There are 2 protein chains.
Amino acid sequence: MKLPVSTEWLLHCATSLAQLEPGATASAAQLADYYDLPAPYLAKQLQALVKAGILAATTGPRGGFRLARAASEITMLQIVEAVDGASMPYECREIRRQGRGALPPEDCRSICVLAEKMADAHRAWRASLAGVSLADILAELPAYAPERTRSRLTSRA
Amino acid sequence: MKLPVSTEWLLHCATSLAQLEPGATASAAQLADYYDLPAPYLAKQLQALVKAGILAATTGPRGGFRLARAASEITMLQIVEAVDGASMPYECREIRRQGRGALPPEDCRSICVLAEKMADAHRAWRASLAGVSLADILAELPAYAPERTRSRLTSRA
């Protein structure tokens, strides 16, 4: 199982936007330039974060993207699921109900034990990422990072 | 991110083989019949479990597949990774090192903090599945399950 390559892009872009001054924005072109990424595809992906309520997009001459809420209120899980969706990697197609071994309906009232264990693992993964906010990430960056990010990201398009 | 559809097949097949009498085997045709699955593709997938040391394949008129070790020594993680590989779903392509924002090499000596948090989540997922053996699964099945599985799985090809 693989997450989209753009997962890395969006995690980094959101982290960079979290380092801007309150109210400041960066455009898709600036973010693409900052990370040397394909601007049109990145712009499309950034819209997925807007749709998920993680980023806000403003228009006009100074328009661009900024966080839609506080960095402490945005988790890595929210970003990853905005990019990739929230469905479980394991798909239970209920093969226990088919073939010569098919279980009768009364034995299938509760979830298959194998699907349940796979769901437990997915919950553990989600809980791990839900426990890390952008504010937590920022707290682990070197002290000089925000100033450097701001000057390199927004000094020119 | 998605696991292959065959993940469900292999988890169920291994669980069924774990219910056979010691030394007994079931063929790919019997397993395909038991779950109504495409036999040639299932046979190929079963070989992945043989290669991973989870199943043993025996030849001859009474040949087939059996567990290669005790059910308590086979975890769900081993089965899932035999089917899907063990690589991490999140790929870090080090975009922090490229573009206008590129960090100097001395700032990239340790793993990117975002990649580290994604790795933490993957470790949580792996630990969850590594903590469940086939013996644990069997312990959650109804008491009548092994006898039913044996008679339906091996009574005829």
# chains A, B, ... in the order shown; residues from 1 in each chain; ligands from 1

call {"tool": "select_by_dssp", "arguments": {"residues": "chain A", "states": "strand (DSSP E)", "output": "PyMOL selection string"}}
result
chain A and resi 55-58+64-67

call {"tool": "closest_atom_pairs", "arguments": {"of": "chain B", "to": "chain A", "cutoff": "9 Å", "atoms": "only C-alpha atoms", "output": "CSV"}}
result
residue,atom,partner,partner_atom,distance
B:Met1,CA,A:Lys2,CA,5.0
B:Lys2,CA,A:Pro89,CA,4.1
B:Leu3,CA,A:Met1,CA,5.2
B:Pro4,CA,A:Met1,CA,7.7
B:Val5,CA,A:Glu91,CA,6.7
B:Thr7,CA,A:Tyr90,CA,7.6
B:Glu8,CA,A:Cys92,CA,6.5
B:Trp9,CA,A:Ile95,CA,7.6
B:Leu11,CA,A:Leu114,CA,7.3
B:His12,CA,A:Leu114,CA,7.8
B:Ala32,CA,A:Gly99,CA,8.2
B:Asp33,CA,A:Gly99,CA,6.0
B:Tyr34,CA,A:Arg100,CA,4.4
B:Tyr35,CA,A:Gly99,CA,4.4
B:Asp36,CA,A:Gly99,CA,4.3
B:Leu37,CA,A:Gly99,CA,7.9
B:Met76,CA,A:Lys117,CA,8.6
B:Asp84,CA,A:Met1,CA,6.9
B:Gly85,CA,A:Met1,CA,8.4
B:Ser87,CA,A:Met1,CA,8.3
B:Met88,CA,A:Lys2,CA,7.4
B:Pro89,CA,A:Lys2,CA,4.1
B:Tyr90,CA,A:Leu3,CA,5.4
B:Glu91,CA,A:Val5,CA,6.7
B:Cys92,CA,A:Glu8,CA,6.4
B:Arg93,CA,A:Glu8,CA,7.7
B:Glu94,CA,A:Glu8,CA,8.6
B:Ile95,CA,A:Tyr35,CA,6.1
B:Arg96,CA,A:Tyr35,CA,6.9
B:Arg97,CA,A:Tyr35,CA,8.0
B:Gln98,CA,A:Tyr35,CA,5.6
B:Gly99,CA,A:Asp36,CA,4.3
B:Arg100,CA,A:Tyr34,CA,4.4
B:Gly101,CA,A:Tyr34,CA,4.8
B:Ala102,CA,A:Tyr35,CA,7.1
B:Val113,CA,A:Ile137,CA,7.0
B:Leu114,CA,A:Leu11,CA,7.3
B:Ala115,CA,A:Glu8,CA,8.3
B:Lys117,CA,A:Leu129,CA,7.2
B:Met118,CA,A:Leu129,CA,7.3
B:Asp120,CA,A:Ser128,CA,7.1
B:Ala121,CA,A:Trp125,CA,4.8
B:His122,CA,A:Trp125,CA,6.3
B:Arg123,CA,A:Trp125,CA,8.1
B:Ala124,CA,A:Ala124,CA,5.7
B:Trp125,CA,A:Ala121,CA,4.8
B:Arg126,CA,A:Ala121,CA,7.3
B:Ala127,CA,A:Ala121,CA,8.0
B:Ser128,CA,A:Ala121,CA,5.1
B:Leu129,CA,A:Ala121,CA,6.1
B:Val132,CA,A:Lys117,CA,7.7
B:Ile137,CA,A:Val113,CA,7.0
B:Glu140,CA,A:Val113,CA,7.4
B:Leu141,CA,A:Val113,CA,8.0
B:Arg148,CA,A:Gly101,CA,8.3
B:Thr149,CA,A:Gly101,CA,7.0
B:Arg152,CA,A:Gly101,CA,6.0
B:Leu153,CA,A:Gly101,CA,7.0

call {"tool": "residues_around", "arguments": {"residues": "B:Ala14", "least_positions_apart": "4", "cutoff": "10 Å", "atoms": "only C-alpha atoms", "output": "list in words"}}
result
Trp9, Leu10, Ala18, Gln19, Leu31, Leu46, Leu49, Ile54, Leu55, Phe65, Arg66, Leu67, Ala71, Ile74, Met76, Ile79 and Leu134 of chain B

call {"tool": "write_last_selection", "arguments": {"atoms": "all heavy atoms", "output": "short mmCIF file (atom, residue, chain, number, x, y, z; two decimals), in the first residue's frame"}}
result
data_model
loop_
_atom_site.label_atom_id
_atom_site.label_comp_id
_atom_site.auth_asym_id
_atom_site.auth_seq_id
_atom_site.Cartn_x
_atom_site.Cartn_y
_atom_site.Cartn_z
N TRP B 9 -7.88 -12.90 1.14
CA TRP B 9 -7.80 -14.32 0.78
C TRP B 9 -6.76 -15.05 1.62
O TRP B 9 -7.02 -16.12 2.17
CB TRP B 9 -7.41 -14.52 -0.69
CG TRP B 9 -8.25 -13.84 -1.70
CD1 TRP B 9 -9.38 -13.08 -1.49
CD2 TRP B 9 -8.03 -13.85 -3.11
NE1 TRP B 9 -9.86 -12.63 -2.67
CE2 TRP B 9 -9.07 -13.07 -3.69
CE3 TRP B 9 -7.07 -14.42 -3.93
CZ2 TRP B 9 -9.16 -12.88 -5.06
CZ3 TRP B 9 -7.17 -14.23 -5.31
CH2 TRP B 9 -8.19 -13.48 -5.86
N LEU B 10 -5.58 -14.45 1.69
CA LEU B 10 -4.47 -15.14 2.35
C LEU B 10 -4.65 -15.20 3.86
O LEU B 10 -4.28 -16.19 4.49
CB LEU B 10 -3.14 -14.47 1.98
CG LEU B 10 -2.50 -14.88 0.64
CD1 LEU B 10 -2.07 -16.34 0.69
CD2 LEU B 10 -3.38 -14.65 -0.55
N ALA B 18 -4.71 -23.33 9.62
CA ALA B 18 -4.36 -23.42 11.04
C ALA B 18 -5.34 -24.32 11.80
O ALA B 18 -5.06 -24.72 12.94
CB ALA B 18 -4.33 -22.03 11.66
N GLN B 19 -6.49 -24.62 11.18
CA GLN B 19 -7.49 -25.44 11.85
C GLN B 19 -7.41 -26.93 11.47
O GLN B 19 -8.18 -27.74 11.98
CB GLN B 19 -8.89 -24.90 11.54
CG GLN B 19 -9.10 -23.50 12.09
CD GLN B 19 -10.42 -22.88 11.64
OE1 GLN B 19 -11.50 -23.34 12.01
NE2 GLN B 19 -10.32 -21.86 10.81
N LEU B 31 -8.76 -24.93 -1.35
CA LEU B 31 -8.93 -23.60 -0.74
C LEU B 31 -9.74 -22.68 -1.64
O LEU B 31 -10.60 -21.92 -1.17
CB LEU B 31 -7.56 -22.99 -0.43
CG LEU B 31 -6.82 -23.61 0.77
CD1 LEU B 31 -5.33 -23.28 0.72
CD2 LEU B 31 -7.43 -23.13 2.09
N LEU B 46 -0.55 -18.16 -2.77
CA LEU B 46 -0.13 -19.08 -1.70
C LEU B 46 1.37 -19.31 -1.75
O LEU B 46 2.02 -19.47 -0.71
CB LEU B 46 -0.89 -20.41 -1.83
CG LEU B 46 -2.38 -20.35 -1.46
CD1 LEU B 46 -3.13 -21.56 -2.00
CD2 LEU B 46 -2.56 -20.24 0.06
N LEU B 49 3.28 -16.98 0.35
CA LEU B 49 3.37 -17.35 1.77
C LEU B 49 4.39 -18.47 2.00
O LEU B 49 5.01 -18.53 3.06
CB LEU B 49 1.99 -17.79 2.31
CG LEU B 49 0.89 -16.74 2.37
CD1 LEU B 49 -0.26 -17.22 3.27
CD2 LEU B 49 1.40 -15.40 2.88
N ILE B 54 5.86 -19.01 5.78
CA ILE B 54 4.64 -19.10 6.58
C ILE B 54 3.92 -20.41 6.30
O ILE B 54 3.40 -21.06 7.21
CB ILE B 54 3.73 -17.89 6.29
CG1 ILE B 54 4.42 -16.61 6.78
CG2 ILE B 54 2.35 -18.06 6.91
CD1 ILE B 54 3.81 -15.33 6.25
N LEU B 55 3.89 -20.80 5.04
CA LEU B 55 3.31 -22.09 4.66
C LEU B 55 4.40 -23.01 4.12
O LEU B 55 5.44 -22.53 3.66
CB LEU B 55 2.25 -21.90 3.55
CG LEU B 55 1.04 -21.03 3.85
CD1 LEU B 55 0.06 -21.08 2.69
CD2 LEU B 55 0.36 -21.46 5.14
N PHE B 65 -0.89 -27.57 0.98
CA PHE B 65 -0.29 -26.57 1.86
C PHE B 65 -0.64 -26.85 3.33
O PHE B 65 -1.73 -27.31 3.65
CB PHE B 65 -0.81 -25.16 1.49
CG PHE B 65 -0.44 -24.75 0.10
CD1 PHE B 65 -1.28 -24.99 -0.98
CD2 PHE B 65 0.79 -24.11 -0.14
CE1 PHE B 65 -0.93 -24.61 -2.27
CE2 PHE B 65 1.15 -23.73 -1.43
CZ PHE B 65 0.28 -23.98 -2.49
N ARG B 66 0.33 -26.55 4.17
CA ARG B 66 0.10 -26.57 5.63
C ARG B 66 0.92 -25.45 6.24
O ARG B 66 1.79 -24.87 5.58
CB ARG B 66 0.47 -27.92 6.22
CG ARG B 66 1.91 -28.34 5.98
CD ARG B 66 2.25 -29.65 6.69
NE ARG B 66 3.58 -30.12 6.31
CZ ARG B 66 4.74 -29.61 6.75
NH1 ARG B 66 4.73 -28.60 7.61
NH2 ARG B 66 5.90 -30.09 6.33
N LEU B 67 0.67 -25.12 7.49
CA LEU B 67 1.49 -24.10 8.15
C LEU B 67 2.92 -24.59 8.26
O LEU B 67 3.16 -25.76 8.53
CB LEU B 67 0.96 -23.78 9.56
CG LEU B 67 -0.46 -23.25 9.70
CD1 LEU B 67 -0.69 -22.75 11.14
CD2 LEU B 67 -0.76 -22.13 8.71
N ALA B 71 0.89 -22.10 14.84
CA ALA B 71 -0.03 -20.97 14.64
C ALA B 71 0.31 -19.81 15.59
O ALA B 71 0.07 -18.65 15.26
CB ALA B 71 -1.48 -21.42 14.86
N ILE B 74 2.94 -17.43 13.94
CA ILE B 74 2.62 -16.74 12.68
C ILE B 74 1.72 -15.55 13.02
O ILE B 74 0.63 -15.71 13.57
CB ILE B 74 1.90 -17.68 11.70
CG1 ILE B 74 2.83 -18.84 11.31
CG2 ILE B 74 1.45 -16.91 10.45
CD1 ILE B 74 2.16 -19.92 10.49
N MET B 76 -0.35 -11.84 12.01
CA MET B 76 -1.05 -11.20 10.89
C MET B 76 -0.11 -10.30 10.11
O MET B 76 -0.20 -10.21 8.89
CB MET B 76 -2.26 -10.41 11.41
CG MET B 76 -3.40 -11.31 11.86
SD MET B 76 -4.89 -10.39 12.37
CE MET B 76 -5.41 -9.66 10.81
N ILE B 79 1.79 -12.24 7.48
CA ILE B 79 0.96 -12.60 6.32
C ILE B 79 0.73 -11.37 5.43
O ILE B 79 0.91 -11.42 4.22
CB ILE B 79 -0.37 -13.21 6.79
CG1 ILE B 79 -0.11 -14.52 7.54
CG2 ILE B 79 -1.32 -13.43 5.61
CD1 ILE B 79 -1.32 -15.09 8.27
N LEU B 134 -2.01 -16.24 14.50
CA LEU B 134 -3.11 -17.11 14.06
C LEU B 134 -3.73 -17.86 15.23
O LEU B 134 -4.94 -18.12 15.24
CB LEU B 134 -2.61 -18.10 13.00
CG LEU B 134 -2.33 -17.53 11.61
CD1 LEU B 134 -1.90 -18.65 10.66
CD2 LEU B 134 -3.56 -16.81 11.04
#

call {"tool": "residues_around", "arguments": {"residues": "B:Gly63", "least_positions_apart": "2", "cutoff": "9 Å", "atoms": "only C-alpha atoms", "output": "number ranges by chain"}}
result
B: 24-27, 57-61, 65
